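S.K.: Coordinates in query.cif, mmCIF, N, CA and C atoms, are listed below.
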data_protein
#
loop_
_atom_site.label_atom_id
_atom_site.label_comp_id
_atom_site.auth_asym_id
_atom_site.auth_seq_id
_atom_site.Cartn_x
_atom_site.Cartn_y
_atom_site.Cartn_z
N MET A 1 -14.46 -64.34 32.54
CA MET A 1 -14.24 -63.81 33.85
C MET A 1 -14.74 -62.37 33.85
N ALA A 2 -15.31 -61.94 34.96
CA ALA A 2 -15.87 -60.59 35.04
C ALA A 2 -15.38 -59.91 36.32
N PHE A 3 -15.40 -58.57 36.29
CA PHE A 3 -15.12 -57.81 37.50
C PHE A 3 -15.97 -56.55 37.50
N LEU A 4 -16.19 -56.02 38.70
CA LEU A 4 -16.89 -54.76 38.90
C LEU A 4 -15.88 -53.80 39.49
N ALA A 5 -15.75 -52.62 38.89
CA ALA A 5 -14.85 -51.59 39.41
C ALA A 5 -15.68 -50.39 39.82
N GLU A 6 -15.24 -49.71 40.87
CA GLU A 6 -15.92 -48.52 41.36
C GLU A 6 -14.89 -47.47 41.75
N ALA A 7 -15.31 -46.21 41.67
CA ALA A 7 -14.45 -45.11 42.11
C ALA A 7 -15.30 -43.85 42.22
N GLU A 8 -14.75 -42.87 42.92
CA GLU A 8 -15.46 -41.60 43.09
C GLU A 8 -15.38 -40.71 41.85
N THR A 9 -14.30 -40.85 41.06
CA THR A 9 -14.12 -40.03 39.86
C THR A 9 -14.03 -40.94 38.64
N LEU A 10 -14.25 -40.36 37.46
CA LEU A 10 -14.13 -41.13 36.23
C LEU A 10 -12.68 -41.60 36.03
N GLU A 11 -11.73 -40.72 36.31
CA GLU A 11 -10.32 -41.11 36.20
C GLU A 11 -10.00 -42.25 37.16
N GLY A 12 -10.52 -42.16 38.37
CA GLY A 12 -10.32 -43.22 39.36
C GLY A 12 -10.93 -44.53 38.91
N LEU A 13 -12.06 -44.46 38.23
CA LEU A 13 -12.69 -45.68 37.71
C LEU A 13 -11.80 -46.36 36.69
N PHE A 14 -11.20 -45.59 35.80
CA PHE A 14 -10.29 -46.15 34.79
C PHE A 14 -9.07 -46.79 35.47
N GLU A 15 -8.53 -46.13 36.49
CA GLU A 15 -7.40 -46.68 37.23
C GLU A 15 -7.79 -47.98 37.93
N SER A 16 -8.96 -47.98 38.55
CA SER A 16 -9.45 -49.18 39.24
C SER A 16 -9.67 -50.34 38.27
N ALA A 17 -10.23 -50.05 37.10
CA ALA A 17 -10.46 -51.09 36.09
C ALA A 17 -9.12 -51.63 35.57
N ALA A 18 -8.14 -50.76 35.39
CA ALA A 18 -6.82 -51.21 34.92
C ALA A 18 -6.16 -52.11 35.97
N ARG A 19 -6.27 -51.74 37.24
CA ARG A 19 -5.72 -52.58 38.30
C ARG A 19 -6.44 -53.93 38.35
N ALA A 20 -7.77 -53.93 38.21
CA ALA A 20 -8.53 -55.18 38.23
C ALA A 20 -8.15 -56.07 37.05
N LEU A 21 -8.02 -55.48 35.85
CA LEU A 21 -7.59 -56.25 34.68
C LEU A 21 -6.23 -56.89 34.94
N THR A 22 -5.30 -56.11 35.49
CA THR A 22 -3.97 -56.63 35.79
C THR A 22 -4.05 -57.75 36.82
N GLU A 23 -4.88 -57.59 37.82
CA GLU A 23 -5.02 -58.59 38.88
C GLU A 23 -5.55 -59.92 38.32
N VAL A 24 -6.38 -59.85 37.28
CA VAL A 24 -6.84 -61.08 36.63
C VAL A 24 -5.66 -61.80 35.97
N MET A 25 -4.69 -61.03 35.46
CA MET A 25 -3.57 -61.61 34.73
C MET A 25 -2.41 -62.05 35.64
N VAL A 26 -2.20 -61.32 36.74
CA VAL A 26 -1.03 -61.57 37.60
C VAL A 26 -1.33 -61.05 39.00
N ASP A 27 -0.70 -61.64 39.98
CA ASP A 27 -0.76 -61.09 41.33
C ASP A 27 0.02 -59.78 41.31
N ARG A 28 -0.67 -58.66 41.41
CA ARG A 28 -0.01 -57.35 41.29
C ARG A 28 1.08 -57.15 42.32
N ARG A 29 0.99 -57.83 43.45
CA ARG A 29 2.02 -57.70 44.49
C ARG A 29 3.37 -58.22 44.01
N SER A 30 3.36 -59.08 42.99
CA SER A 30 4.63 -59.61 42.47
C SER A 30 5.26 -58.70 41.41
N LEU A 31 4.56 -57.65 41.02
CA LEU A 31 5.09 -56.70 40.02
C LEU A 31 5.91 -55.60 40.70
N ARG A 32 6.95 -55.18 40.02
CA ARG A 32 7.76 -54.06 40.48
C ARG A 32 7.60 -52.91 39.49
N GLU A 33 7.83 -51.70 39.95
CA GLU A 33 7.69 -50.51 39.12
C GLU A 33 9.05 -50.12 38.55
N LYS A 34 9.53 -50.92 37.60
CA LYS A 34 10.87 -50.72 37.04
C LYS A 34 10.90 -49.77 35.85
N ILE A 35 9.83 -49.77 35.05
CA ILE A 35 9.80 -48.92 33.86
C ILE A 35 8.50 -48.12 33.84
N SER A 36 8.52 -47.04 33.08
CA SER A 36 7.35 -46.19 32.95
C SER A 36 6.98 -46.09 31.47
N ARG A 37 5.70 -46.08 31.22
CA ARG A 37 5.22 -45.90 29.84
C ARG A 37 3.98 -45.03 29.88
N GLU A 38 3.83 -44.19 28.86
CA GLU A 38 2.63 -43.35 28.75
C GLU A 38 1.89 -43.73 27.48
N ILE A 39 0.56 -43.82 27.61
CA ILE A 39 -0.27 -44.07 26.43
C ILE A 39 -1.35 -43.00 26.36
N SER A 40 -1.91 -42.84 25.18
CA SER A 40 -3.00 -41.91 24.94
C SER A 40 -4.06 -42.61 24.11
N VAL A 41 -5.31 -42.42 24.49
CA VAL A 41 -6.44 -43.02 23.79
C VAL A 41 -7.50 -41.94 23.60
N VAL A 42 -8.14 -41.93 22.43
CA VAL A 42 -9.19 -40.97 22.14
C VAL A 42 -10.45 -41.72 21.73
N ALA A 43 -11.61 -41.29 22.25
CA ALA A 43 -12.88 -41.93 21.90
C ALA A 43 -14.01 -40.92 22.07
N GLU A 44 -15.17 -41.29 21.57
CA GLU A 44 -16.31 -40.36 21.56
C GLU A 44 -17.11 -40.36 22.86
N ASP A 45 -16.97 -41.39 23.71
CA ASP A 45 -17.72 -41.43 24.96
C ASP A 45 -16.93 -42.25 26.00
N PRO A 46 -17.28 -42.12 27.28
CA PRO A 46 -16.53 -42.82 28.33
C PRO A 46 -16.50 -44.34 28.17
N ASP A 47 -17.62 -44.95 27.74
CA ASP A 47 -17.64 -46.41 27.55
C ASP A 47 -16.59 -46.85 26.54
N ARG A 48 -16.59 -46.20 25.40
CA ARG A 48 -15.64 -46.57 24.34
C ARG A 48 -14.21 -46.28 24.77
N LEU A 49 -14.03 -45.19 25.51
CA LEU A 49 -12.70 -44.82 25.98
C LEU A 49 -12.15 -45.91 26.93
N LEU A 50 -12.98 -46.38 27.85
CA LEU A 50 -12.53 -47.42 28.77
C LEU A 50 -12.28 -48.73 28.03
N TYR A 51 -13.17 -49.08 27.13
CA TYR A 51 -12.99 -50.31 26.34
C TYR A 51 -11.66 -50.27 25.58
N ASP A 52 -11.40 -49.16 24.89
CA ASP A 52 -10.16 -49.02 24.12
C ASP A 52 -8.92 -49.00 25.03
N PHE A 53 -9.04 -48.36 26.18
CA PHE A 53 -7.93 -48.30 27.14
C PHE A 53 -7.56 -49.69 27.64
N LEU A 54 -8.54 -50.45 28.08
CA LEU A 54 -8.27 -51.81 28.57
C LEU A 54 -7.74 -52.70 27.45
N THR A 55 -8.28 -52.53 26.25
CA THR A 55 -7.79 -53.29 25.10
C THR A 55 -6.33 -52.96 24.82
N GLU A 56 -5.96 -51.70 24.94
CA GLU A 56 -4.57 -51.29 24.73
C GLU A 56 -3.64 -51.95 25.75
N LEU A 57 -4.08 -52.07 26.98
CA LEU A 57 -3.27 -52.74 28.01
C LEU A 57 -3.05 -54.21 27.66
N ILE A 58 -4.07 -54.86 27.12
CA ILE A 58 -3.93 -56.26 26.70
C ILE A 58 -2.97 -56.37 25.52
N ILE A 59 -3.08 -55.45 24.58
CA ILE A 59 -2.17 -55.46 23.42
C ILE A 59 -0.72 -55.27 23.87
N ILE A 60 -0.49 -54.34 24.78
CA ILE A 60 0.87 -54.11 25.29
C ILE A 60 1.40 -55.37 25.97
N LYS A 61 0.54 -56.05 26.72
CA LYS A 61 0.94 -57.32 27.35
C LYS A 61 1.33 -58.34 26.30
N ASP A 62 0.53 -58.46 25.23
CA ASP A 62 0.78 -59.46 24.19
C ASP A 62 1.97 -59.12 23.30
N VAL A 63 2.10 -57.87 22.91
CA VAL A 63 3.13 -57.47 21.95
C VAL A 63 4.47 -57.17 22.62
N ASP A 64 4.42 -56.43 23.73
CA ASP A 64 5.66 -55.99 24.38
C ASP A 64 6.01 -56.80 25.63
N SER A 65 5.14 -57.73 26.02
CA SER A 65 5.34 -58.55 27.24
C SER A 65 5.55 -57.69 28.48
N LEU A 66 4.72 -56.65 28.63
CA LEU A 66 4.79 -55.76 29.78
C LEU A 66 3.51 -55.83 30.59
N LEU A 67 3.67 -55.79 31.90
CA LEU A 67 2.54 -55.70 32.82
C LEU A 67 2.79 -54.50 33.73
N PHE A 68 1.71 -53.84 34.15
CA PHE A 68 1.85 -52.62 34.93
C PHE A 68 1.13 -52.76 36.27
N LYS A 69 1.77 -52.20 37.28
CA LYS A 69 1.26 -52.25 38.64
C LYS A 69 0.50 -50.98 39.01
N ASP A 70 0.98 -49.86 38.52
CA ASP A 70 0.45 -48.56 38.92
C ASP A 70 -0.01 -47.78 37.69
N PHE A 71 -1.14 -47.09 37.82
CA PHE A 71 -1.73 -46.35 36.71
C PHE A 71 -2.13 -44.96 37.20
N HIS A 72 -1.78 -43.93 36.43
CA HIS A 72 -2.23 -42.57 36.72
C HIS A 72 -2.92 -42.05 35.46
N VAL A 73 -4.25 -41.90 35.55
CA VAL A 73 -5.08 -41.55 34.39
C VAL A 73 -5.55 -40.11 34.47
N GLY A 74 -5.50 -39.42 33.33
CA GLY A 74 -6.10 -38.11 33.16
C GLY A 74 -7.04 -38.17 31.96
N ILE A 75 -8.21 -37.55 32.08
CA ILE A 75 -9.17 -37.53 30.98
C ILE A 75 -9.57 -36.09 30.72
N ASP A 76 -9.43 -35.68 29.45
CA ASP A 76 -9.78 -34.32 29.05
C ASP A 76 -10.80 -34.37 27.93
N ASP A 77 -11.69 -33.37 27.94
CA ASP A 77 -12.64 -33.22 26.84
C ASP A 77 -11.89 -32.53 25.71
N ASP A 78 -11.72 -33.22 24.60
CA ASP A 78 -10.97 -32.73 23.45
C ASP A 78 -11.92 -31.92 22.57
N ASP A 79 -12.48 -30.84 23.15
CA ASP A 79 -13.49 -30.07 22.42
C ASP A 79 -12.84 -28.95 21.62
N ASP A 80 -12.90 -29.13 20.34
CA ASP A 80 -12.36 -28.17 19.39
C ASP A 80 -13.55 -27.65 18.59
N ASP A 81 -13.69 -26.35 18.47
CA ASP A 81 -14.83 -25.77 17.75
C ASP A 81 -14.94 -26.27 16.32
N LYS A 82 -13.84 -26.70 15.74
CA LYS A 82 -13.84 -27.15 14.35
C LYS A 82 -14.39 -28.57 14.20
N LYS A 83 -14.49 -29.29 15.32
CA LYS A 83 -14.98 -30.66 15.27
C LYS A 83 -16.48 -30.68 15.57
N GLU A 84 -17.19 -31.55 14.89
CA GLU A 84 -18.62 -31.65 15.09
C GLU A 84 -18.98 -32.56 16.26
N GLU A 85 -18.11 -33.51 16.58
CA GLU A 85 -18.43 -34.45 17.63
C GLU A 85 -17.50 -34.30 18.83
N ARG A 86 -18.00 -34.65 19.97
CA ARG A 86 -17.21 -34.61 21.21
C ARG A 86 -16.21 -35.75 21.21
N ARG A 87 -15.01 -35.47 21.68
CA ARG A 87 -13.97 -36.49 21.81
C ARG A 87 -13.38 -36.39 23.21
N LEU A 88 -13.15 -37.54 23.82
CA LEU A 88 -12.48 -37.60 25.10
C LEU A 88 -11.07 -38.13 24.88
N ARG A 89 -10.11 -37.52 25.55
CA ARG A 89 -8.72 -37.95 25.43
C ARG A 89 -8.24 -38.43 26.79
N LEU A 90 -7.77 -39.67 26.82
CA LEU A 90 -7.19 -40.26 28.02
C LEU A 90 -5.68 -40.28 27.86
N THR A 91 -4.98 -39.87 28.90
CA THR A 91 -3.55 -40.10 28.97
C THR A 91 -3.30 -40.88 30.25
N CYS A 92 -2.45 -41.87 30.16
CA CYS A 92 -2.16 -42.71 31.32
C CYS A 92 -0.67 -42.96 31.41
N THR A 93 -0.12 -42.66 32.56
CA THR A 93 1.26 -43.01 32.87
C THR A 93 1.21 -44.27 33.72
N MET A 94 1.95 -45.29 33.27
CA MET A 94 1.91 -46.59 33.93
C MET A 94 3.32 -46.98 34.35
N ARG A 95 3.42 -47.68 35.47
CA ARG A 95 4.70 -48.19 35.93
C ARG A 95 4.59 -49.69 36.14
N GLY A 96 5.57 -50.42 35.60
CA GLY A 96 5.54 -51.87 35.70
C GLY A 96 6.85 -52.45 35.22
N GLU A 97 6.77 -53.65 34.63
CA GLU A 97 7.99 -54.32 34.18
C GLU A 97 7.67 -55.41 33.17
N PRO A 98 8.71 -55.89 32.47
CA PRO A 98 8.51 -57.01 31.55
C PRO A 98 8.07 -58.27 32.31
N ILE A 99 7.28 -59.09 31.64
CA ILE A 99 6.82 -60.34 32.24
C ILE A 99 8.01 -61.24 32.54
N ASP A 100 8.05 -61.73 33.76
CA ASP A 100 9.10 -62.64 34.22
C ASP A 100 8.38 -63.87 34.79
N ARG A 101 8.38 -64.94 34.03
CA ARG A 101 7.63 -66.14 34.43
C ARG A 101 8.15 -66.79 35.71
N VAL A 102 9.38 -66.47 36.10
CA VAL A 102 9.93 -67.00 37.34
C VAL A 102 9.48 -66.14 38.53
N HIS A 103 9.61 -64.83 38.39
CA HIS A 103 9.32 -63.90 39.49
C HIS A 103 7.83 -63.63 39.67
N HIS A 104 7.08 -63.47 38.59
CA HIS A 104 5.67 -63.09 38.68
C HIS A 104 4.77 -64.29 38.94
N ARG A 105 3.75 -64.05 39.72
CA ARG A 105 2.73 -65.07 39.96
C ARG A 105 1.61 -64.85 38.94
N LEU A 106 1.80 -65.45 37.75
CA LEU A 106 0.87 -65.27 36.64
C LEU A 106 -0.40 -66.05 36.90
N ARG A 107 -1.53 -65.51 36.41
CA ARG A 107 -2.84 -66.13 36.62
C ARG A 107 -3.48 -66.53 35.30
N ASN A 108 -4.12 -65.60 34.63
CA ASN A 108 -4.87 -65.87 33.40
C ASN A 108 -4.33 -65.05 32.24
N ASP A 109 -4.32 -65.64 31.06
CA ASP A 109 -3.92 -64.91 29.85
C ASP A 109 -5.18 -64.32 29.24
N VAL A 110 -5.43 -63.04 29.52
CA VAL A 110 -6.62 -62.36 29.00
C VAL A 110 -6.44 -62.12 27.51
N LYS A 111 -7.44 -62.52 26.73
CA LYS A 111 -7.40 -62.35 25.28
C LYS A 111 -8.07 -61.06 24.83
N ALA A 112 -9.18 -60.68 25.51
CA ALA A 112 -9.92 -59.51 25.05
C ALA A 112 -10.93 -59.04 26.09
N VAL A 113 -11.32 -57.79 25.97
CA VAL A 113 -12.46 -57.23 26.70
C VAL A 113 -13.67 -57.49 25.83
N THR A 114 -14.77 -57.93 26.43
CA THR A 114 -15.99 -58.17 25.64
C THR A 114 -16.98 -57.03 25.87
N MET A 115 -17.96 -56.92 25.01
CA MET A 115 -19.02 -55.92 25.17
C MET A 115 -20.17 -56.45 26.02
N HIS A 116 -20.14 -57.74 26.35
CA HIS A 116 -21.20 -58.34 27.16
C HIS A 116 -21.26 -57.67 28.54
N MET A 117 -22.38 -57.09 28.88
CA MET A 117 -22.63 -56.43 30.17
C MET A 117 -21.76 -55.19 30.39
N PHE A 118 -20.99 -54.78 29.39
CA PHE A 118 -20.05 -53.66 29.54
C PHE A 118 -20.82 -52.35 29.60
N GLY A 119 -20.46 -51.51 30.54
CA GLY A 119 -21.07 -50.19 30.59
C GLY A 119 -20.74 -49.45 31.87
N ILE A 120 -20.40 -48.18 31.72
CA ILE A 120 -20.11 -47.31 32.85
C ILE A 120 -21.42 -46.68 33.32
N THR A 121 -21.60 -46.64 34.64
CA THR A 121 -22.78 -46.02 35.23
C THR A 121 -22.35 -45.00 36.25
N GLN A 122 -22.96 -43.81 36.18
CA GLN A 122 -22.71 -42.80 37.20
C GLN A 122 -23.78 -42.99 38.28
N LYS A 123 -23.34 -43.14 39.51
CA LYS A 123 -24.27 -43.35 40.63
C LYS A 123 -25.02 -42.07 40.95
N LYS A 124 -26.23 -42.22 41.49
CA LYS A 124 -27.06 -41.07 41.86
C LYS A 124 -26.37 -40.12 42.83
N HIS A 125 -25.72 -40.67 43.82
CA HIS A 125 -25.13 -39.85 44.88
C HIS A 125 -23.62 -39.72 44.73
N GLY A 126 -23.15 -39.77 43.50
CA GLY A 126 -21.73 -39.58 43.23
C GLY A 126 -21.00 -40.89 43.03
N GLY A 127 -19.96 -40.84 42.29
CA GLY A 127 -19.16 -42.02 42.01
C GLY A 127 -19.55 -42.70 40.72
N TRP A 128 -18.73 -43.63 40.33
CA TRP A 128 -18.89 -44.34 39.07
C TRP A 128 -18.70 -45.84 39.28
N THR A 129 -19.30 -46.65 38.41
CA THR A 129 -19.14 -48.08 38.45
C THR A 129 -19.12 -48.64 37.03
N VAL A 130 -18.44 -49.76 36.85
CA VAL A 130 -18.41 -50.43 35.54
C VAL A 130 -18.31 -51.94 35.75
N THR A 131 -19.00 -52.66 34.91
CA THR A 131 -18.86 -54.11 34.84
C THR A 131 -18.08 -54.45 33.58
N VAL A 132 -17.06 -55.30 33.73
CA VAL A 132 -16.23 -55.68 32.59
C VAL A 132 -16.14 -57.20 32.56
N VAL A 133 -16.44 -57.78 31.38
CA VAL A 133 -16.31 -59.21 31.17
C VAL A 133 -15.13 -59.43 30.22
N LEU A 134 -14.24 -60.34 30.62
CA LEU A 134 -13.03 -60.61 29.86
C LEU A 134 -13.08 -61.98 29.22
N ASP A 135 -12.52 -62.10 28.03
CA ASP A 135 -12.35 -63.38 27.35
C ASP A 135 -10.95 -63.88 27.72
N ILE A 136 -10.91 -65.07 28.35
CA ILE A 136 -9.59 -65.61 28.74
C ILE A 136 -9.33 -66.93 28.05
#
In structure tokens, write the structure found in this file.
M.R.:
Amino acid sequence: MAFLAEAETLEGLFESAARALTEVMVDRRSLREKISREISVVAEDPDRLLYDFLTELIIIKDVDSLLFKDFHVGIDDDDDDKKEERRLRLTCTMRGEPIDRVHHRLRNDVKAVTMHMFGITQKKHGGWTVTVVLDI
């Protein structure tokens, strides 16, 4: 299964991709914002950062049985003069709840994000887009 996400900002693109991933797994309208969780991911470029972020959401679903409805993403350049390579740091505050097979309208059990066709593109006239293919 694949989806295309778009947004005006890079942070917005990550939020849009997280919502799309969740929508593949469950009807987001059936989720409530009962609990909050924050995660942090570090990577060398935006593509890897998004891949790792989406993978983390799948892991949380599998290990902790949690799904999230709302995402607030911040991305900072973790530039330290002592480091030779650029690092991006994502922090995301998410609101959702434990999976409830009675209450939630579950769809697909996503196994992984694939690298097939994966890539973030910055549009000429502003905004960002990404294609994501999921293994279900």
S.K.: Quick one: pick out all helix (DSSP H, G or I) residues within chain A from a backbone DSSP run and write them as a ChimeraX atom specification.
M.R.: /A:10-25,28-30,46-64
S.K.: Every residue with an atom at most 7 Å from (-15.4, -38.2, 28.6) (file coordinates; only N, CA and C atoms) is what I'm after, so could you write them as a PyMOL selection string?
M.R.: chain A and resi 44-46+75-77+87-89
S.K.: Which is closest to Val130 (chain A) among A:Asp47, A:Glu23, A:Thr55, A:Ser30, if we use only C-alpha atoms?
M.R.: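 With only C-alpha atoms as the atom set, the closest residue is A:Asp47.
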S.K.: Which residues, named as in the file, does the PyMOL selection byres (((chain A and resi 120 and name CA) around 10) and name CA) pick out? Answer as a PyMOL selection string.
M.R.: chain A and resi 5-6+10+13+46-48+50+117-119+121-123+128-132
S.K.: Could you list, as a list in words, every residue matched by the PyMOL selection byres ((chain A and resi 38) around 8) in this structure?
M.R.: Ile35, Ser36, Arg37, Ile39, Ser40, Val41, Thr91, Cys92, Thr93, Met94 and Arg95 of chain A
S.K.: So how many Å separate atom N of Ser65 (chain A) and atom N of Val110 (chain A), to one decimal?
M.R.: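 It comes out at 12.3 Å.
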S.K.: Mind checking DSSP for chain A and telling me the strand (DSSP E or B) residues as an MDAnalysis selection string?
M.R.: chainID A and resid 2:7 26 35:43 66:77 88:98 106 112:113 119:122 128:135
S.K.: Taking into account all atoms listed in the file, which residue in the set A:Phe3, A:Met115, A:Gly96, A:Ala18 is nearest to Leu66 (chain A)?
M.R.: A:Gly96
S.K.: Using Å and a single decimal, report how far CA of His116 (chain A) sits from CA of Glu11 (chain A).
M.R.: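 Taking CA of Glu11 (chain A) as the start and CA of His116 (chain A) as the end point, the length is 22.3 Å.
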S.K.: Within 8 Å of Ala20 (chain A), counting all atoms listed in the file, which residues show up once you throw out same-chain ones fewer than 4 positions away? Write them as a ChimeraX atom specification, please.
M.R.: /A:3-5,14-16,24-26
S.K.: Expressed in Å to a single decimal, how great is the separation between CA of Tyr51 (chain A) and CA of Thr22 (chain A)?
M.R.: 14.5 Å
S.K.: Between A:Ile58, A:Gly74, A:Ala112, A:Glu8, which has the minimum distance to Gly127 (chain A) (counting all atoms listed in the file)?
M.R.: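 The shortest atom-to-atom distance to Gly127 (chain A) comes from A:Glu8.
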S.K.: Nearest to Pro98 (chain A) among A:Leu21, A:Leu134, A:Leu67, A:Ile60, with distances taken over only C-alpha atoms: which residue is it?
M.R.: A:Leu67
S.K.: Taking all listed atoms of region 89-92 of chain A, build the axis-aligned box, pad each of the six sides by 5 Å, then write its centre and edge lengths in Å to one decimal as JSON.
M.R.:
{"center_x": -5.4, "center_y": -40.2, "center_z": 28.4, "size_x": 19.4, "size_y": 15.4, "size_z": 16.0}
S.K.: Can you pull out every residue within 5 Å of Asp109 (chain A), counting all atoms listed in the file, but drop anything in the same chain fewer than 2 positions away, and send it as a list in words?
M.R.: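 The residues satisfying every condition are Arg107, Lys111 and Ile136 of chain A.
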S.K.: Pull out every residue that the PyMOL selection byres (((chain A and resi 105 and name CA) around 9) and name CA) matches in the shown coordinates and put them as a list in words.
M.R.: Met25, Val26, Asp27, Arg28, Arg29, Ser30, Leu31, Asp100, Arg101, Val102, His103, His104, Leu106 and Arg107 of chain A
